[in-house]
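Student: Can you read through this structure? Questions will come right after.
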Amino acid sequence: MKAIILVGGFGTRLRPLTLSVPKPLVDFANKPMILHQIEALKRAGVDHVILAIAYQPNVMMDFLKEYEEKLGIRITCSEEKTPMGTAGPLAIARDLLDDGTGEPFFMLNADVICEYPLREALTFHRGHGGEATILVTRVTEPSKYGVVVFDEGSGAVDRFVEKPKEFVGNKINAGIYVLSPSVLSKVEMRPTSIEKEVFPLVAQENKLYAKVLEGYWMDVGQPKDYLTGLNLYLSGLREKGSPLLAQGSHVQGNAVIDATATVGEGCVIGPDACIGKDCVIEDGVCLRNCMVFPGTRVGKHSCVTGSIIGWRSHVGQWARLENMCVFGEDVQCKDELYLNGAVVLPHKEVKGNVPSPEIII
């Protein structure tokens, strides 16, 4: 079985992290974002993953080669010379996706984090006999999104309503689909939106169905949502009783600490913290609602809250970082500094306090 992942372009919303690697290779809970999806696809029976990519395809493929062998899955790059929207990549990869057997394939947006109930989605798709299945997720404020209006009994999609002013439903497109190859005939070789141009055509033919995605869901394509997604992911691990969650007197709530990381005396890790490979967390450090990327050192008695610290950075002693600080790769933060919402580009040194949010270039 096959799958296509829309890897996309420059990842501008997740800068400065994406200044060092393509967005799908940014760590999320101690593994690259895209690896969460590839592993889920493998579990669902997929043996060939196609990456629709417009930015640094060679970097992506070089990195994923080792996982091809580890997971026993074929990974192919389908390169977009110009951005092709959310449906155009299907036209480019048409020959890879349709092998003449009529077997459906998965399509995923690379930014999405959830439980990935892909086997259940495939069973639902085969059961209704239509051309396409959209996974939808519940939201509390549907007026901010495009709402999918469908029959709650059969799943048949009636229409899409963009940012409705009156309540029509609270289910939105979750960015995960099961598609039959016949859908490909509706996709032209040009920049195209699957949500606005292709799915409405399928719905008109009464061949589009929606299945509600149970559990958590988040588009983690920007820092605030990245941390929200991390919190949801860690809560999901707790519900499953996962051994990945850290244990010990220094851990509060949900936290993941890589086995190669070092944590000093008197630290408070969590809730909702993740410490990457080869990190050094010195004595008396407090980490809450944050992601500390591999190779980073956090100095004694520092506190990091609601922030993301990029690869191989150094936070000095008695420093305080809060309110969505985001460090790129190899950022050096001096001792005893207060940083409030500082976004720091890679390889920079922070020498003074940042009392209000700013970008340091």
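Order determines the names: the first chain of the structure tokens is A, the second B, and so forth; residues in each chain are numbered 1 upward, and ligands are numbered 1 upward as they are shown.
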Please provide the set of residues having any atom within 12 Å of Ser185 of chain A, restricted to only C-alpha atoms, with same-chain residues fewer than 5 positions apart removed, written as a ChimeraX atom specification.
Tutor: /A:87-88,90-91,94-95,98,131,179-180,198,201-202
Student: Excluding Gln247 of chain A and its own-chain neighbours fewer than 2 positions away, which residues fall within 12 Å of it when counting only C-alpha atoms? Please give them as a list in words.
Tutor: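 The residues satisfying every condition are Arg238, Gly241, Ser242, Pro243, Leu244, Leu245, Ser249, His250, Val251, Gln252, Gly253, Asn254, Ala255, Val256, Ile257, Asp258, Ala259, Val268, Ile269, Gly270 and Pro271 of chain A.
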Student: Between A:Glu162, A:Pro16, A:Ser143, A:Glu195, which is the closest to Trp311 of chain A once you count only C-alpha atoms?
Tutor: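 Nearest to Trp311 of chain A: A:Pro16.
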Student: Please list as a ChimeraX atom specification every residue within 6 Å of Ile176 of chain A, counting only C-alpha atoms and excluding residues in the same chain fewer than 2 positions away.
Tutor: /A:107-108,135,174
Student: Nearest to Leu64 of chain A among A:Gly45, A:Thr82, A:Leu345, A:Ile34, with distances taken over only C-alpha atoms: which residue is it?
Tutor: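 Distance minimum relative to Leu64 of chain A lands on A:Ile34.
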Student: Neighbouring residues of Leu6 of chain A were defined as those with any atom within 10 Å, considering only C-alpha atoms; residues of the same chain fewer than 5 positions away were excluded. Please report them as a list in words.
Tutor: Pro24, Ile50, Leu51, Ala52, Ile53, Ala54, Ser78, Gly85, Thr86, Ala87, Pro89, Leu90, Met107, Leu108, Asn109, Ala110, Asp111 and Gly175 of chain A
Student: Name the closest residue to Glu349 of chain A among the candidates A:Arg190, A:Glu336, A:Gly295, A:His314; distances are taken between atoms, counting only C-alpha atoms.
Tutor: A:His314
Student: Contacts of segment 226-230 of chain A at 10 Å or less, counting only C-alpha atoms, minus same-chain residues fewer than 5 places along, as a VMD selection string?
Tutor: chain A and resid 14 28 to 29 111 to 114 216 to 221 235 to 236 255 272 to 274 289 to 291 306 to 308 324
Student: Can you pull out the residues contacting Thr296 of chain A? Cut-off 10 Å, using only C-alpha atoms, and skip same-chain residues under 6 positions away; I want them as a VMD selection string.
Tutor: chain A and resid 261 275 to 281 309 to 315 329 to 332
Student: Restricted to all heavy atoms, what would the selected residues look like written as a CSV table (one decimal), in the first residue's frame?
Tutor:
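Ended up saving to part.csv:
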```csv
chain,number,residue,atom,x,y,z
A,261,ALA,N,20.5,11.8,28.0
A,261,ALA,CA,20.5,13.1,28.6
A,261,ALA,C,20.9,13.0,30.1
A,261,ALA,O,20.7,12.0,30.7
A,261,ALA,CB,19.2,13.8,28.5
A,275,ILE,N,13.2,16.5,26.9
A,275,ILE,CA,14.6,16.8,26.8
A,275,ILE,C,15.2,15.8,25.8
A,275,ILE,O,15.0,14.6,25.9
A,275,ILE,CB,15.2,16.6,28.2
A,275,ILE,CG1,14.6,17.5,29.2
A,275,ILE,CG2,16.7,16.7,28.2
A,275,ILE,CD1,15.0,17.3,30.7
A,276,GLY,N,16.0,16.3,24.9
A,276,GLY,CA,16.5,15.6,23.8
A,276,GLY,C,17.8,14.9,24.1
A,276,GLY,O,18.4,14.9,25.2
A,277,LYS,N,18.3,14.2,23.0
A,277,LYS,CA,19.5,13.4,23.1
A,277,LYS,C,20.7,14.2,23.5
A,277,LYS,O,20.9,15.4,23.0
A,277,LYS,CB,19.7,12.7,21.8
A,277,LYS,CG,20.9,11.8,21.7
A,277,LYS,CD,21.0,11.1,20.3
A,277,LYS,CE,22.2,10.2,20.2
A,277,LYS,NZ,22.3,9.6,18.9
A,278,ASP,N,21.5,13.7,24.4
A,278,ASP,CA,22.8,14.3,24.8
A,278,ASP,C,22.7,15.7,25.4
A,278,ASP,O,23.7,16.5,25.4
A,278,ASP,CB,23.8,14.4,23.6
A,278,ASP,CG,24.1,13.0,23.0
A,278,ASP,OD1,24.2,12.0,23.8
A,278,ASP,OD2,24.3,12.9,21.8
A,279,CYS,N,21.5,16.0,25.9
A,279,CYS,CA,21.4,17.3,26.6
A,279,CYS,C,22.0,17.2,28.0
A,279,CYS,O,22.1,16.1,28.6
A,279,CYS,CB,19.9,17.7,26.8
A,279,CYS,SG,19.1,18.2,25.2
A,280,VAL,N,22.5,18.3,28.5
A,280,VAL,CA,23.0,18.4,29.9
A,280,VAL,C,22.1,19.4,30.7
A,280,VAL,O,22.1,20.6,30.3
A,280,VAL,CB,24.5,18.8,30.0
A,280,VAL,CG1,24.9,18.9,31.4
A,280,VAL,CG2,25.3,17.7,29.2
A,281,ILE,N,21.4,19.0,31.7
A,281,ILE,CA,20.6,19.8,32.5
A,281,ILE,C,21.3,19.9,33.9
A,281,ILE,O,21.3,18.9,34.6
A,281,ILE,CB,19.1,19.3,32.6
A,281,ILE,CG1,18.6,18.9,31.2
A,281,ILE,CG2,18.3,20.3,33.3
A,281,ILE,CD1,18.5,20.1,30.2
A,309,ILE,N,14.0,25.4,22.8
A,309,ILE,CA,15.5,25.6,22.7
A,309,ILE,C,16.1,24.7,21.7
A,309,ILE,O,16.1,23.5,21.8
A,309,ILE,CB,16.1,25.4,24.1
A,309,ILE,CG1,15.4,26.1,25.2
A,309,ILE,CG2,17.6,25.8,24.1
A,309,ILE,CD1,15.3,27.6,25.0
A,310,GLY,N,16.7,25.3,20.6
A,310,GLY,CA,17.2,24.6,19.5
A,310,GLY,C,18.4,23.8,19.7
A,310,GLY,O,19.1,23.9,20.8
A,311,TRP,N,18.8,23.0,18.7
A,311,TRP,CA,20.0,22.1,18.8
A,311,TRP,C,21.2,22.8,19.3
A,311,TRP,O,21.6,23.9,18.9
A,311,TRP,CB,20.3,21.5,17.5
A,311,TRP,CG,19.1,20.8,16.8
A,311,TRP,CD1,18.8,19.5,16.9
A,311,TRP,CD2,18.2,21.4,15.9
A,311,TRP,NE1,17.7,19.3,16.1
A,311,TRP,CE2,17.3,20.4,15.5
A,311,TRP,CE3,18.0,22.7,15.4
A,311,TRP,CZ2,16.2,20.7,14.6
A,311,TRP,CZ3,16.9,23.0,14.6
A,311,TRP,CH2,16.1,22.0,14.2
A,312,ARG,N,21.9,22.1,20.2
A,312,ARG,CA,23.3,22.5,20.6
A,312,ARG,C,23.4,23.9,21.1
A,312,ARG,O,24.4,24.6,20.9
A,312,ARG,CB,24.3,22.2,19.5
A,312,ARG,CG,24.5,20.7,19.2
A,312,ARG,CD,25.3,20.5,17.9
A,312,ARG,NE,24.6,21.0,16.7
A,312,ARG,CZ,23.6,20.3,16.1
A,312,ARG,NH1,23.2,19.1,16.6
A,312,ARG,NH2,23.1,20.8,15.0
A,313,SER,N,22.3,24.4,21.8
A,313,SER,CA,22.4,25.7,22.4
A,313,SER,C,22.8,25.7,23.8
A,313,SER,O,23.0,24.6,24.4
A,313,SER,CB,21.0,26.4,22.3
A,313,SER,OG,20.6,26.6,21.0
A,314,HIS,N,23.1,26.8,24.4
A,314,HIS,CA,23.6,26.9,25.8
A,314,HIS,C,22.8,28.0,26.5
A,314,HIS,O,22.9,29.2,26.1
A,314,HIS,CB,25.1,27.1,25.8
A,314,HIS,CG,25.6,27.1,27.2
A,314,HIS,ND1,26.8,27.7,27.5
A,314,HIS,CD2,25.1,26.7,28.4
A,314,HIS,CE1,27.1,27.5,28.8
A,314,HIS,NE2,26.0,26.9,29.4
A,315,VAL,N,22.1,27.6,27.5
A,315,VAL,CA,21.4,28.6,28.4
A,315,VAL,C,22.3,28.7,29.6
A,315,VAL,O,22.6,27.7,30.3
A,315,VAL,CB,20.0,28.1,28.8
A,315,VAL,CG1,19.4,29.1,29.7
A,315,VAL,CG2,19.1,28.0,27.5
A,329,GLU,N,19.4,26.9,16.1
A,329,GLU,CA,20.5,26.1,16.4
A,329,GLU,C,21.7,26.9,17.0
A,329,GLU,O,21.9,28.0,16.6
A,329,GLU,CB,21.0,25.4,15.1
A,329,GLU,CG,22.2,24.5,15.3
A,329,GLU,CD,22.6,23.9,13.9
A,329,GLU,OE1,22.1,24.4,12.9
A,329,GLU,OE2,23.5,23.1,13.9
A,330,ASP,N,22.4,26.3,18.0
A,330,ASP,CA,23.7,26.9,18.5
A,330,ASP,C,23.5,28.4,19.0
A,330,ASP,O,24.3,29.2,18.6
A,330,ASP,CB,24.7,26.8,17.4
A,330,ASP,CG,26.1,27.3,17.9
A,330,ASP,OD1,26.4,27.2,19.0
A,330,ASP,OD2,26.8,28.0,17.0
A,331,VAL,N,22.5,28.6,19.8
A,331,VAL,CA,22.4,29.9,20.4
A,331,VAL,C,23.0,29.9,21.8
A,331,VAL,O,22.8,29.0,22.6
A,331,VAL,CB,20.9,30.3,20.5
A,331,VAL,CG1,20.7,31.5,21.4
A,331,VAL,CG2,20.3,30.5,19.1
A,332,GLN,N,23.7,31.0,22.1
A,332,GLN,CA,24.4,31.1,23.4
A,332,GLN,C,23.7,32.2,24.2
A,332,GLN,O,23.7,33.4,23.8
A,332,GLN,CB,25.9,31.4,23.2
A,332,GLN,CG,26.6,30.5,22.2
A,332,GLN,CD,26.6,29.1,22.7
A,332,GLN,OE1,26.9,28.7,23.8
A,332,GLN,NE2,26.3,28.2,21.8
```
Student: To one decimal place in Å, what is the distance between atom CA of Thr12 of chain A and atom CA of Pro346 of chain A?
Tutor: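 A separation of 14.4 Å between them.
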Student: Quick one: residues within 6 Å of Gly284 of chain A, only C-alpha atoms, excluding same-chain residues fewer than 2 positions away - as a PyMOL selection string?
Tutor: chain A and resi 266-267+300-301
Student: Name the residues of segment 109-324 of chain A that fall into alpha helix (DSSP H) according to DSSP on the backbone, using the chain letters and numbers of this document, as a PyMOL selection string.
Tutor: chain A and resi 118-128+199-204+223-239
Student: Residues as selected, N, CA, C and O atoms, written as a compact mmCIF listing (two decimals), in the first residue's frame, can you do that?
Tutor:
```
# COMPACT_ATOMS: atom_id res chain seq x y z
N LEU A 118 -5.04 5.02 11.33
CA LEU A 118 -5.08 4.84 9.88
C LEU A 118 -5.76 3.54 9.46
O LEU A 118 -6.46 3.51 8.44
N ARG A 119 -5.57 2.48 10.21
CA ARG A 119 -6.24 1.22 9.85
C ARG A 119 -7.76 1.38 9.91
O ARG A 119 -8.49 0.89 9.04
N GLU A 120 -8.23 2.07 10.95
CA GLU A 120 -9.67 2.30 11.10
C GLU A 120 -10.20 3.14 9.94
O GLU A 120 -11.30 2.90 9.42
N ALA A 121 -9.41 4.16 9.54
CA ALA A 121 -9.82 5.01 8.42
C ALA A 121 -9.90 4.21 7.12
O ALA A 121 -10.82 4.40 6.31
N LEU A 122 -8.94 3.31 6.93
CA LEU A 122 -8.94 2.48 5.72
C LEU A 122 -10.14 1.54 5.69
O LEU A 122 -10.79 1.37 4.65
N THR A 123 -10.46 0.94 6.83
CA THR A 123 -11.63 0.06 6.92
C THR A 123 -12.91 0.83 6.60
O THR A 123 -13.78 0.35 5.86
N PHE A 124 -13.03 2.04 7.16
CA PHE A 124 -14.19 2.89 6.90
C PHE A 124 -14.30 3.23 5.41
O PHE A 124 -15.38 3.16 4.81
N HIS A 125 -13.17 3.56 4.81
CA HIS A 125 -13.14 3.94 3.39
C HIS A 125 -13.61 2.77 2.51
O HIS A 125 -14.44 2.95 1.61
N ARG A 126 -13.09 1.60 2.78
CA ARG A 126 -13.48 0.44 1.98
C ARG A 126 -14.94 0.08 2.19
O ARG A 126 -15.61 -0.44 1.29
N GLY A 127 -15.45 0.40 3.37
CA GLY A 127 -16.84 0.07 3.68
C GLY A 127 -17.85 0.95 2.98
O GLY A 127 -18.92 0.47 2.56
N HIS A 128 -17.54 2.25 2.81
CA HIS A 128 -18.55 3.14 2.21
C HIS A 128 -18.53 3.12 0.68
O HIS A 128 -19.51 3.54 0.04
N PHE A 199 -12.20 18.22 -3.57
CA PHE A 199 -13.20 17.61 -2.69
C PHE A 199 -14.64 18.06 -3.00
O PHE A 199 -15.57 17.24 -2.95
N PRO A 200 -14.87 19.34 -3.31
CA PRO A 200 -16.25 19.71 -3.68
C PRO A 200 -16.77 18.94 -4.89
O PRO A 200 -17.96 18.60 -4.95
N LEU A 201 -15.90 18.63 -5.86
CA LEU A 201 -16.32 17.83 -7.02
C LEU A 201 -16.70 16.42 -6.60
O LEU A 201 -17.70 15.86 -7.07
N VAL A 202 -15.89 15.83 -5.71
CA VAL A 202 -16.18 14.48 -5.23
C VAL A 202 -17.48 14.48 -4.43
O VAL A 202 -18.29 13.55 -4.54
N ALA A 203 -17.68 15.53 -3.62
CA ALA A 203 -18.90 15.63 -2.81
C ALA A 203 -20.14 15.74 -3.69
O ALA A 203 -21.19 15.18 -3.38
N GLN A 204 -20.04 16.48 -4.82
CA GLN A 204 -21.17 16.63 -5.74
C GLN A 204 -21.62 15.28 -6.30
O GLN A 204 -22.79 15.08 -6.60
N PRO A 223 5.31 27.80 16.43
CA PRO A 223 5.78 27.50 17.78
C PRO A 223 4.70 27.31 18.84
O PRO A 223 4.75 26.36 19.62
N LYS A 224 3.72 28.19 18.89
CA LYS A 224 2.68 28.07 19.92
C LYS A 224 1.94 26.74 19.78
O LYS A 224 1.71 26.02 20.76
N ASP A 225 1.57 26.41 18.54
CA ASP A 225 0.85 25.16 18.30
C ASP A 225 1.76 23.95 18.49
O ASP A 225 1.30 22.86 18.86
N TYR A 226 3.04 24.13 18.22
CA TYR A 226 4.02 23.06 18.45
C TYR A 226 3.99 22.64 19.91
O TYR A 226 3.92 21.45 20.23
N LEU A 227 4.04 23.61 20.81
CA LEU A 227 4.03 23.28 22.25
C LEU A 227 2.68 22.72 22.69
O LEU A 227 2.62 21.81 23.52
N THR A 228 1.59 23.24 22.13
CA THR A 228 0.27 22.67 22.43
C THR A 228 0.23 21.21 21.97
O THR A 228 -0.25 20.33 22.70
N GLY A 229 0.74 20.96 20.77
CA GLY A 229 0.80 19.60 20.26
C GLY A 229 1.65 18.69 21.11
O GLY A 229 1.31 17.52 21.33
N LEU A 230 2.76 19.23 21.63
CA LEU A 230 3.62 18.44 22.52
C LEU A 230 2.87 18.04 23.78
O LEU A 230 2.93 16.89 24.24
N ASN A 231 2.13 18.99 24.35
CA ASN A 231 1.34 18.70 25.55
C ASN A 231 0.31 17.60 25.27
O ASN A 231 0.13 16.69 26.09
N LEU A 232 -0.36 17.70 24.13
CA LEU A 232 -1.35 16.69 23.77
C LEU A 232 -0.71 15.33 23.55
O LEU A 232 -1.25 14.29 23.97
N TYR A 233 0.42 15.33 22.89
CA TYR A 233 1.15 14.08 22.63
C TYR A 233 1.56 13.40 23.94
O TYR A 233 1.38 12.20 24.12
N LEU A 234 2.10 14.20 24.88
CA LEU A 234 2.52 13.64 26.16
C LEU A 234 1.31 13.13 26.96
O LEU A 234 1.39 12.09 27.62
N SER A 235 0.19 13.84 26.88
CA SER A 235 -1.03 13.36 27.53
C SER A 235 -1.49 12.04 26.93
O SER A 235 -1.97 11.14 27.64
N GLY A 236 -1.31 11.92 25.61
CA GLY A 236 -1.65 10.67 24.94
C GLY A 236 -0.78 9.52 25.41
O GLY A 236 -1.26 8.39 25.59
N LEU A 237 0.51 9.80 25.65
CA LEU A 237 1.39 8.77 26.20
C LEU A 237 0.93 8.35 27.59
O LEU A 237 0.97 7.16 27.94
N ARG A 238 0.48 9.32 28.38
CA ARG A 238 0.00 9.02 29.74
C ARG A 238 -1.23 8.11 29.69
O ARG A 238 -1.33 7.14 30.44
N GLU A 239 -2.15 8.42 28.79
CA GLU A 239 -3.36 7.61 28.68
C GLU A 239 -3.06 6.17 28.29
O GLU A 239 -3.75 5.24 28.71
```
Student: Have a look at atom CA of Pro357 of chain A and atom CA of Leu321 of chain A and let me know their distance in Å, one decimal.
Tutor: 11.2 Å
Student: Any chance you could list, as a PyMOL selection string, the residues in segment 44-104 of chain A that come up strand (DSSP E) when DSSP is run on the backbone?
Tutor: chain A and resi 48-53+74-79
Student: With distances taken over only C-alpha atoms, which residue among A:Tyr209, A:Trp318, A:Phe63, A:Phe327 lies nearest Val350 of chain A?
Tutor: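 Selected residue with least distance to Val350 of chain A: A:Phe327.
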Student: Closest to Ser356 of chain A among A:Asp335, A:Cys325, A:Ala210, A:Tyr145, using only C-alpha atoms?
Tutor: A:Cys325
Student: One decimal, Å: what's the distance from atom CA of Ser302 of chain A over to atom CA of Cys286 of chain A, could you say?
Tutor: 6.4 Å
